[in-house]
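protein-v8.txt (compact mmCIF, C-alpha atoms and all ligand atoms) appears below.
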# COMPACT_ATOMS: atom_id res chain seq x y z
CA MET O 1 21.29 -11.90 25.46
CA ALA O 2 21.30 -8.78 23.35
CA ILE O 3 20.09 -7.14 20.18
CA GLN O 4 22.85 -6.87 17.58
CA VAL O 5 22.55 -4.68 14.48
CA LEU O 6 24.24 -5.57 11.18
CA ARG O 7 24.35 -3.13 8.28
CA PRO O 8 25.27 -4.68 4.92
CA SER O 9 26.11 -2.16 2.20
CA ASN O 10 25.03 -4.14 -0.85
CA LEU O 11 23.06 -7.24 -1.86
CA PRO O 12 26.02 -9.69 -1.95
CA GLU O 13 26.98 -8.53 1.54
CA LEU O 14 23.37 -8.98 2.68
CA LYS O 15 23.38 -12.56 1.36
CA LYS O 16 26.61 -13.23 3.25
CA VAL O 17 25.13 -11.80 6.44
CA LEU O 18 22.07 -14.07 6.03
CA ARG O 19 24.32 -17.11 5.53
CA THR O 20 26.78 -16.47 8.30
CA GLY O 21 26.16 -13.67 10.77
CA ALA O 22 22.46 -13.34 11.37
CA GLY O 23 21.67 -16.52 13.30
CA LYS O 24 18.14 -17.90 13.43
CA ASN O 25 16.40 -14.98 15.04
CA PHE O 26 16.74 -12.00 12.73
CA ARG O 27 14.61 -9.30 11.14
CA PHE O 28 15.17 -6.68 8.53
CA ILE O 29 14.74 -3.09 9.64
CA ALA O 30 14.26 -0.01 7.44
CA GLY O 31 12.60 3.00 9.12
CA GLY O 32 11.93 0.90 12.23
CA THR O 33 8.50 2.44 12.91
CA ASP O 34 6.88 -1.00 12.96
CA VAL O 35 9.78 -3.15 14.10
CA LEU O 36 10.93 -1.08 17.08
CA PRO O 37 7.52 -0.77 18.81
CA GLN O 38 7.06 -4.55 18.35
CA ILE O 39 10.44 -5.30 19.93
CA ALA O 40 9.61 -3.04 22.86
CA LYS O 41 6.10 -4.47 23.27
CA ASP O 42 7.16 -8.11 23.18
CA ASP O 43 10.26 -7.39 25.27
CA ILE O 44 12.47 -9.17 22.73
CA ARG O 45 16.10 -9.43 23.84
CA ASP O 46 17.73 -11.98 21.58
CA LEU O 47 17.59 -10.68 18.03
CA THR O 48 19.71 -9.63 15.08
CA LEU O 49 18.41 -6.59 13.24
CA ILE O 50 19.63 -6.35 9.67
CA ASP O 51 19.54 -2.67 8.82
CA ILE O 52 18.83 -2.45 5.08
CA THR O 53 19.21 1.32 4.88
CA GLY O 54 22.92 0.87 4.12
CA ILE O 55 22.20 -0.96 0.87
CA ASN O 56 23.43 1.20 -2.00
CA SER O 57 21.75 -0.87 -4.73
CA ALA O 58 20.74 1.32 -7.67
CA GLY O 59 17.44 3.07 -7.08
CA PHE O 60 16.77 1.64 -3.60
CA PHE O 61 16.05 5.14 -2.24
CA ALA O 62 14.75 6.88 -5.37
CA VAL O 63 11.59 7.38 -7.42
CA LYS O 64 12.46 7.25 -11.12
CA ARG O 65 10.49 7.46 -14.33
CA TYR O 66 10.91 4.62 -16.80
CA SER O 67 9.11 3.54 -20.00
CA GLY O 68 6.46 1.53 -18.10
CA GLY O 69 5.66 4.19 -15.45
CA TYR O 70 7.53 4.94 -12.21
CA LYS O 71 9.87 2.79 -10.18
CA ALA O 72 10.11 3.52 -6.47
CA GLY O 73 12.86 1.89 -4.43
CA ALA O 74 11.74 0.05 -1.30
CA GLY O 75 13.83 2.45 0.78
CA VAL O 76 11.89 5.51 -0.40
CA LYS O 77 10.40 7.39 2.54
CA VAL O 78 6.63 7.82 2.77
CA ASP O 79 7.20 11.58 2.88
CA ASP O 80 8.92 11.45 -0.53
CA LEU O 81 5.62 10.33 -2.06
CA ILE O 82 4.06 13.56 -0.81
CA THR O 83 6.79 15.90 -2.00
CA ASN O 84 7.29 14.22 -5.39
CA LYS O 85 5.28 16.41 -7.80
CA GLU O 86 4.95 13.75 -10.52
CA ILE O 87 3.52 11.21 -8.08
CA GLY O 88 0.98 13.82 -6.93
CA LEU O 89 0.06 14.63 -10.53
CA HIS O 90 -0.27 11.11 -11.95
CA TYR O 91 -1.21 9.10 -8.85
CA PRO O 92 -3.20 11.27 -6.39
CA VAL O 93 -4.29 8.06 -4.60
CA LEU O 94 -0.70 7.42 -3.57
CA LYS O 95 -0.08 10.95 -2.36
CA GLU O 96 -3.31 10.98 -0.34
CA ALA O 97 -2.54 7.60 1.21
CA ALA O 98 0.94 8.79 2.16
CA LEU O 99 -0.51 11.97 3.68
CA SER O 100 -2.88 9.94 5.82
CA LEU O 101 -0.14 7.77 7.32
CA ALA O 102 0.66 8.46 10.98
CA SER O 103 2.30 11.86 11.42
CA ASN O 104 4.81 14.08 9.69
CA GLN O 105 7.62 12.81 11.94
CA ILE O 106 6.88 9.15 11.24
CA ARG O 107 6.53 9.77 7.49
CA GLN O 108 10.10 11.16 7.45
CA VAL O 109 11.54 7.76 8.46
CA ALA O 110 8.91 5.17 7.47
CA THR O 111 9.58 3.54 4.11
CA ILE O 112 7.21 2.26 1.46
CA GLY O 113 9.00 -1.10 1.63
CA GLY O 114 8.26 -1.29 5.35
CA ASN O 115 4.61 -0.47 4.75
CA LEU O 116 4.29 -3.30 2.23
CA CYS O 117 6.44 -5.87 4.01
CA THR O 118 4.82 -5.46 7.40
CA ALA O 119 1.70 -6.71 5.52
CA SER O 120 -0.81 -5.09 7.82
CA PRO O 121 -4.40 -5.26 6.50
CA SER O 122 -4.57 -1.52 7.23
CA GLY O 123 -1.37 -0.39 5.49
CA ASP O 124 -2.22 2.90 3.80
CA VAL O 125 0.50 3.13 1.15
CA ALA O 126 0.10 -0.59 0.45
CA CYS O 127 -3.63 -0.08 -0.16
CA ALA O 128 -2.97 2.72 -2.67
CA LEU O 129 -0.33 0.61 -4.44
CA MET O 130 -2.88 -2.20 -4.65
CA ALA O 131 -5.38 0.11 -6.40
CA LEU O 132 -2.60 0.97 -8.85
CA GLU O 133 -1.85 -2.73 -9.40
CA ALA O 134 1.83 -2.11 -8.76
CA GLY O 135 4.51 -4.68 -9.41
CA CYS O 136 7.00 -5.71 -6.72
CA GLY O 137 10.66 -6.32 -7.51
CA ILE O 138 11.88 -8.86 -4.99
CA SER O 139 15.08 -10.67 -4.15
CA LEU O 140 14.75 -14.25 -2.89
CA PRO O 141 17.55 -16.73 -2.13
CA ALA O 142 16.76 -18.30 -5.54
CA GLY O 143 17.21 -14.97 -7.35
CA LYS O 144 15.42 -11.77 -8.27
CA LYS O 145 11.92 -11.71 -9.68
CA GLN O 146 8.85 -9.55 -10.30
CA VAL O 147 5.55 -10.29 -8.53
CA SER O 148 2.26 -8.46 -8.89
CA ILE O 149 1.11 -6.79 -5.67
CA LEU O 150 -2.10 -8.81 -6.14
CA LYS O 151 -0.05 -11.89 -5.17
CA PHE O 152 2.33 -10.24 -2.68
CA PHE O 153 0.27 -10.65 0.50
CA THR O 154 -0.31 -14.23 1.57
CA GLY O 155 -1.99 -13.69 4.96
CA VAL O 156 -2.11 -11.40 7.97
CA ARG O 157 1.44 -10.05 8.24
CA LYS O 158 2.66 -12.57 5.68
CA THR O 159 4.09 -12.02 2.21
CA VAL O 160 5.70 -14.02 -0.57
CA LEU O 161 9.06 -12.84 0.79
CA GLY O 162 9.04 -15.32 3.66
CA LYS O 163 11.76 -14.64 6.19
CA THR O 164 14.75 -14.05 3.94
CA GLY O 165 13.27 -12.28 0.89
CA LEU O 166 13.87 -8.58 0.35
CA LEU O 167 11.60 -6.12 -1.43
CA LEU O 168 13.76 -4.04 -3.74
CA SER O 169 11.33 -1.81 -5.62
CA VAL O 170 7.76 -1.08 -6.57
CA ASP O 171 6.75 -0.50 -10.20
CA ILE O 172 3.79 1.83 -10.63
CA PRO O 173 2.24 1.33 -14.08
CA GLN O 174 1.86 4.28 -16.39
CA ASN O 175 -1.66 5.63 -16.77
CA HIS O 176 -3.66 4.77 -19.92
CA ASN O 177 -2.41 6.82 -22.89
CA LYS O 178 -5.93 8.23 -23.46
CA SER O 179 -6.42 9.13 -19.81
CA ARG O 180 -7.31 12.84 -19.49
CA GLN O 181 -9.15 12.98 -16.15
CA LEU O 182 -8.31 11.13 -12.97
CA VAL O 183 -10.72 10.35 -10.18
CA SER O 184 -8.10 9.14 -7.78
CA GLY O 185 -7.94 9.31 -4.01
CA PHE O 186 -7.78 7.60 -0.66
CA ILE O 187 -10.53 7.61 1.94
CA LYS O 188 -9.51 6.55 5.41
CA VAL O 189 -11.79 6.19 8.40
CA GLY O 190 -10.22 5.85 11.83
CA SER O 191 -11.03 6.95 15.32
CA ARG O 192 -8.97 10.14 14.83
CA ARG O 193 -7.33 11.96 11.96
CA SER O 194 -3.64 11.27 12.60
CA MET O 195 -1.42 8.70 14.34
CA GLU O 196 -4.09 6.10 13.78
CA CYS O 197 -4.36 3.00 11.63
CA SER O 198 -7.52 2.84 9.57
CA VAL O 199 -10.71 1.10 10.64
CA VAL O 200 -11.72 1.05 6.98
CA SER O 201 -9.97 2.41 3.91
CA LEU O 202 -10.78 2.70 0.24
CA ALA O 203 -8.22 3.48 -2.48
CA PHE O 204 -9.47 4.33 -5.96
CA HIS O 205 -7.79 5.25 -9.21
CA LEU O 206 -10.13 5.77 -12.15
CA GLN O 207 -8.58 6.84 -15.44
CA CYS O 208 -11.11 8.56 -17.70
CA ASP O 209 -10.92 9.94 -21.22
CA ALA O 210 -11.73 13.57 -22.06
CA LYS O 211 -15.49 12.88 -21.98
CA GLY O 212 -15.43 11.00 -18.69
CA THR O 213 -15.55 7.40 -19.92
CA ILE O 214 -13.71 5.21 -17.44
CA LEU O 215 -10.92 3.49 -19.34
CA ARG O 216 -9.29 1.73 -16.44
CA ALA O 217 -10.32 1.40 -12.79
CA GLY O 218 -8.41 0.29 -9.71
CA ILE O 219 -10.24 -0.22 -6.41
CA ALA O 220 -8.64 -1.55 -3.21
CA ILE O 221 -9.94 -1.90 0.33
CA GLY O 222 -8.04 -1.95 3.61
CA ALA O 223 -8.70 -3.14 7.18
CA VAL O 224 -11.75 -5.19 6.23
CA ALA O 225 -10.12 -8.54 5.36
CA PRO O 226 -6.99 -10.47 6.43
CA THR O 227 -5.08 -8.72 3.66
CA ILE O 228 -5.61 -5.60 1.58
CA ARG O 229 -7.80 -6.62 -1.32
CA PHE O 230 -8.21 -5.56 -4.93
CA ALA O 231 -11.94 -5.37 -5.73
CA ARG O 232 -11.69 -6.59 -9.29
CA SER O 233 -15.38 -7.09 -10.12
CA ALA O 234 -16.19 -3.62 -8.74
CA ALA O 235 -13.42 -2.09 -10.86
CA MET O 236 -14.60 -3.95 -13.96
CA TYR O 237 -18.18 -2.85 -13.31
CA LEU O 238 -17.09 0.79 -13.65
CA GLU O 239 -14.96 0.37 -16.77
CA GLY O 240 -16.73 1.62 -19.88
CA LYS O 241 -19.23 3.75 -17.91
CA ASN O 242 -19.16 7.55 -17.95
CA ILE O 243 -18.13 8.79 -14.51
CA HIS O 244 -20.47 11.80 -14.79
CA GLU O 245 -23.51 9.72 -15.76
CA ILE O 246 -23.51 6.92 -13.21
CA ARG O 247 -27.03 6.40 -11.83
CA GLU O 248 -27.94 5.89 -8.16
CA MET O 249 -28.77 2.22 -8.78
CA GLU O 250 -25.37 1.70 -10.37
CA LYS O 251 -23.64 3.34 -7.41
CA LEU O 252 -25.48 0.94 -5.10
CA GLU O 253 -24.48 -2.01 -7.22
CA PHE O 254 -20.87 -0.84 -7.25
CA ALA O 255 -20.89 -0.58 -3.44
CA GLU O 256 -22.33 -4.12 -3.16
CA LYS O 257 -19.58 -5.44 -5.41
CA VAL O 258 -16.92 -3.76 -3.25
CA LEU O 259 -18.54 -5.22 -0.10
CA GLY O 260 -18.26 -8.66 -1.65
CA TYR O 261 -14.51 -8.47 -1.00
CA ALA O 262 -14.87 -7.53 2.67
CA SER O 263 -14.75 -10.11 5.45
CA PRO O 264 -13.97 -7.93 8.46
CA ILE O 265 -13.49 -9.01 12.05
CA SER O 266 -14.75 -7.29 15.18
CA ASP O 267 -11.95 -6.03 17.38
CA LEU O 268 -11.20 -3.29 19.89
CA ARG O 269 -11.39 -0.63 17.21
CA ALA O 270 -14.66 -1.52 15.46
CA SER O 271 -17.23 -4.25 14.93
CA ASP O 272 -17.49 -6.16 11.64
CA TRP O 273 -20.97 -4.64 11.12
CA TYR O 274 -19.62 -1.08 11.55
CA ARG O 275 -16.73 -1.69 9.15
CA LYS O 276 -19.10 -2.95 6.47
CA GLU O 277 -21.54 -0.04 6.89
CA VAL O 278 -18.70 2.47 6.70
CA LEU O 279 -17.24 0.80 3.65
CA ARG O 280 -20.62 0.93 1.89
CA ASN O 281 -20.95 4.64 2.67
CA ILE O 282 -17.48 5.67 1.57
CA CYS O 283 -18.02 3.94 -1.77
CA PHE O 284 -20.48 6.73 -2.64
CA GLU O 285 -17.91 9.42 -1.78
CA LEU O 286 -15.90 8.26 -4.76
CA PHE O 287 -18.60 9.55 -7.11
CA ASP O 288 -18.81 12.88 -5.26
CA ARG O 289 -15.11 13.33 -6.00
CA ALA O 290 -15.82 13.01 -9.73
CA GLY O 291 -17.92 16.16 -9.65
CA LYS O 292 -15.11 18.25 -8.19
C1 LIG P 1 2.39 5.74 15.97
C2 LIG P 1 2.33 4.99 14.69
C3 LIG P 1 1.33 5.29 13.79
C4 LIG P 1 1.24 4.59 12.58
N1 LIG P 1 0.26 4.93 11.72
C5 LIG P 1 0.17 4.28 10.53
C6 LIG P 1 -0.84 4.64 9.60
O1 LIG P 1 -1.64 5.55 9.81
N2 LIG P 1 -0.91 3.93 8.44
C7 LIG P 1 -0.03 2.92 8.15
O2 LIG P 1 -0.14 2.34 7.08
N3 LIG P 1 0.95 2.58 9.01
C8 LIG P 1 1.08 3.22 10.19
N4 LIG P 1 2.07 2.89 11.06
C9 LIG P 1 2.97 1.78 10.74
C10 LIG P 1 4.32 2.14 10.08
O3 LIG P 1 4.73 3.45 10.35
C11 LIG P 1 4.29 1.93 8.56
O4 LIG P 1 3.87 0.62 8.25
C12 LIG P 1 5.65 2.18 7.91
O5 LIG P 1 5.49 2.37 6.52
C13 LIG P 1 6.65 1.06 8.12
O6 LIG P 1 7.85 1.40 7.46
P1 LIG P 1 9.28 1.24 8.17
O7 LIG P 1 10.32 1.59 7.17
O8 LIG P 1 9.35 2.00 9.45
O9 LIG P 1 9.27 -0.33 8.46
P2 LIG P 1 10.11 -1.18 9.51
O10 LIG P 1 9.54 -1.02 10.86
O11 LIG P 1 11.57 -0.90 9.35
O12 LIG P 1 9.80 -2.63 8.93
C14 LIG P 1 8.49 -3.15 8.91
C15 LIG P 1 8.53 -4.64 8.50
O13 LIG P 1 8.90 -4.75 7.14
C16 LIG P 1 10.11 -5.49 6.98
N5 LIG P 1 10.84 -4.79 5.92
C17 LIG P 1 11.05 -3.45 5.81
N6 LIG P 1 11.60 -3.16 4.61
C18 LIG P 1 11.73 -4.35 3.95
C19 LIG P 1 12.22 -4.71 2.66
N7 LIG P 1 12.67 -3.80 1.79
N8 LIG P 1 12.21 -6.02 2.31
C20 LIG P 1 11.76 -6.97 3.18
N9 LIG P 1 11.26 -6.69 4.40
C21 LIG P 1 11.27 -5.38 4.79
C22 LIG P 1 10.78 -5.47 8.35
O14 LIG P 1 11.56 -6.62 8.57
C23 LIG P 1 9.55 -5.45 9.27
O15 LIG P 1 9.05 -6.76 9.41
C24 LIG P 1 2.20 3.57 12.28
C25 LIG P 1 3.23 3.29 13.18
C26 LIG P 1 3.30 3.99 14.37
C27 LIG P 1 4.43 3.67 15.32
Written as structure tokens, how would this file's structure read?
Amino acid sequence: MAIQVLRPSNLPELKKVLRTGAGKNFRFIAGGTDVLPQIAKDDIRDLTLIDITGINSAGFFAVKRYSGGYKAGAGVKVDDLITNKEIGLHYPVLKEAALSLASNQIRQVATIGGNLCTASPSGDVACALMALEAGCGISLPAGKKQVSILKFFTGVRKTVLGKTGLLLSVDIPQNHNKSRQLVSGFIKVGSRRSMECSVVSLAFHLQCDAKGTILRAGIAIGAVAPTIRFARSAAMYLEGKNIHEIREMEKLEFAEKVLGYASPISDLRASDWYRKEVLRNICFELFDRAGK
């Protein structure tokens, strides 16, 4: 038994491969930084890898501006999110999350599609995209459709794509038209600074007007629940408040609301208690960022 690699060059060809050539045991591969270590670890020998990096569908490897914000193809490399100046300017949370992922070498090959589709509770780029309430353009056997990232993850390492669905693109909504100040960033706690998945992460994207009133808030947490979670009630609690005038009691209440979305497990990397304590503490860091 062997591992065969197929490389369709467009979506119709991919569909044909799925119908005829792939067999039962197949997986898509993009950068391979998740797939290849898994194959090696589980000593898998009978597998078809469908390499999707040959797909020349429009925009699959590009970040483009459009009327609703920015569209990033699923094949865009994590490193491209760091070097793209407009992403850094309008969505610091995404740039910081990308910067915190693994190492420079891995970021050159890892894709944003891979980070979402592997559906790890600790996916860094996925967590930032959750805070931004991105949309996901997907292709299923029944046709193409758009799904909110809030509905994309269905369980640990499970997504709405099932086995045969393909993520095509991610739509990052435009910031509020009155947004003049951003408090946007990604806080990641792990046992070391690089080459390490997070033990706890917090992605935040607060869009404020010129005086500091929070017009729109996005808060997402990683590695503390079976899937990355959007902390809606915590985000809504901040909306309408002035970021520079939030009182200590309100910060505490915000942190409690965020914690309400956490249901961490204890594992080799950290206990559930530790993850919750860390999450509570990093919630306060968000307000320190507002002063800078
Ligand atoms: C040493 C090391 C350190 C790491 N550190 C981090 C870290 O700090 N933070 C972090 O978030 N991740 C980390 N990772 C995980 C990994 O690098 C990222 O998740 C990366 O973004 C995966 O992208 P990829 O293109 O390599 O995915 P692949 O390995 O190619 O694919 C991952 C999964 O997604 C599926 N897939 C890929 N693209 C699509 C698509 N368009 N449609 C449908 N399914 C698709 C594949 O079938 C596979 O199941 C690390 C990995 C390693 C090896």
> Rounded to one decimal in Å, what is the spacing between atom C3 of ligand LIG 1 (chain P) and CA of Glu196 in chain O?
Replying inline: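 Value for the atom C3 of ligand LIG 1 (chain P)-CA of Glu196 in chain O distance: 5.5 Å.
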>> Using Å and a single decimal, report how far CA of Lys144 in chain O sits from CA of Arg65 in chain O.
In response: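 One can read the CA of Arg65 in chain O to CA of Lys144 in chain O distance as 20.8 Å.
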>> Counting all atoms listed in the file, find residues at most 12 Å from (12.9, 4.3, -2.3) (file frame) and give them as number ranges by chain.
In response: O: 30-31, 52-53, 55-64, 70-81, 84, 109-115, 167-171
Keeping only C-alpha atoms, write the selected residues as a PDB file, keeping the file's coordinate frame.
ATOM      1  CA  ALA O  30      14.260  -0.010   7.440  1.00  0.00           C
ATOM      2  CA  GLY O  31      12.600   3.000   9.120  1.00  0.00           C
ATOM      3  CA  ILE O  52      18.830  -2.450   5.080  1.00  0.00           C
ATOM      4  CA  THR O  53      19.210   1.320   4.880  1.00  0.00           C
ATOM      5  CA  ILE O  55      22.200  -0.960   0.870  1.00  0.00           C
ATOM      6  CA  ASN O  56      23.430   1.200  -2.000  1.00  0.00           C
ATOM      7  CA  SER O  57      21.750  -0.870  -4.730  1.00  0.00           C
ATOM      8  CA  ALA O  58      20.740   1.320  -7.670  1.00  0.00           C
ATOM      9  CA  GLY O  59      17.440   3.070  -7.080  1.00  0.00           C
ATOM     10  CA  PHE O  60      16.770   1.640  -3.600  1.00  0.00           C
ATOM     11  CA  PHE O  61      16.050   5.140  -2.240  1.00  0.00           C
ATOM     12  CA  ALA O  62      14.750   6.880  -5.370  1.00  0.00           C
ATOM     13  CA  VAL O  63      11.590   7.380  -7.420  1.00  0.00           C
ATOM     14  CA  LYS O  64      12.460   7.250 -11.120  1.00  0.00           C
ATOM     15  CA  TYR O  70       7.530   4.940 -12.210  1.00  0.00           C
ATOM     16  CA  LYS O  71       9.870   2.790 -10.180  1.00  0.00           C
ATOM     17  CA  ALA O  72      10.110   3.520  -6.470  1.00  0.00           C
ATOM     18  CA  GLY O  73      12.860   1.890  -4.430  1.00  0.00           C
ATOM     19  CA  ALA O  74      11.740   0.050  -1.300  1.00  0.00           C
ATOM     20  CA  GLY O  75      13.830   2.450   0.780  1.00  0.00           C
ATOM     21  CA  VAL O  76      11.890   5.510  -0.400  1.00  0.00           C
ATOM     22  CA  LYS O  77      10.400   7.390   2.540  1.00  0.00           C
ATOM     23  CA  VAL O  78       6.630   7.820   2.770  1.00  0.00           C
ATOM     24  CA  ASP O  79       7.200  11.580   2.880  1.00  0.00           C
ATOM     25  CA  ASP O  80       8.920  11.450  -0.530  1.00  0.00           C
ATOM     26  CA  LEU O  81       5.620  10.330  -2.060  1.00  0.00           C
ATOM     27  CA  ASN O  84       7.290  14.220  -5.390  1.00  0.00           C
ATOM     28  CA  VAL O 109      11.540   7.760   8.460  1.00  0.00           C
ATOM     29  CA  ALA O 110       8.910   5.170   7.470  1.00  0.00           C
ATOM     30  CA  THR O 111       9.580   3.540   4.110  1.00  0.00           C
ATOM     31  CA  ILE O 112       7.210   2.260   1.460  1.00  0.00           C
ATOM     32  CA  GLY O 113       9.000  -1.100   1.630  1.00  0.00           C
ATOM     33  CA  GLY O 114       8.260  -1.290   5.350  1.00  0.00           C
ATOM     34  CA  ASN O 115       4.610  -0.470   4.750  1.00  0.00           C
ATOM     35  CA  LEU O 167      11.600  -6.120  -1.430  1.00  0.00           C
ATOM     36  CA  LEU O 168      13.760  -4.040  -3.740  1.00  0.00           C
ATOM     37  CA  SER O 169      11.330  -1.810  -5.620  1.00  0.00           C
ATOM     38  CA  VAL O 170       7.760  -1.080  -6.570  1.00  0.00           C
ATOM     39  CA  ASP O 171       6.750  -0.500 -10.200  1.00  0.00           C
TER      40      ASP O 171
END
> Which residue out of O:Gly137, O:Val93, O:Leu6, O:Met130 has the minimum interatomic distance to ligand LIG 1 (chain P) when only C-alpha atoms and all ligand atoms are used?
Replying inline: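 Ranked by minimum distance to ligand LIG 1 (chain P), first place goes to O:Gly137.
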>> For a test of reading the model, state the distance in Å between CA of Lys163 in chain O and CA of Ala119 in chain O, rounded to one decimal.
In response: 12.8 Å
>> Taking (3.4, 7.4, 4.5) in the coordinates of the supplied file, I want to know which residues reach to within 7 Å of it, counting all atoms listed in the file; could you give the answer as a PyMOL selection string?
In response: chain O and resi 78-79+97-101+107+110+125
> From the set O:Lys188, O:Lys276, O:Arg269, O:Arg232, which residue has the shortest atom-to-atom contact distance to ligand LIG 1 (chain P), counting only C-alpha atoms and all ligand atoms?
Replying inline: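 Looking at the shortest contact to ligand LIG 1 (chain P), the residue is O:Lys188.
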>> Need to verify the contact set: Leu49 in chain O, 9 Å, only C-alpha atoms, exclusion of same-chain residues closer than 2 positions in sequence. Can you return it as a list in words?
In response: Ile3, Gln4, Val5, Leu6, Arg7, Ala22, Asn25, Phe26, Arg27, Phe28, Ile29, Leu47 and Asp51 of chain O
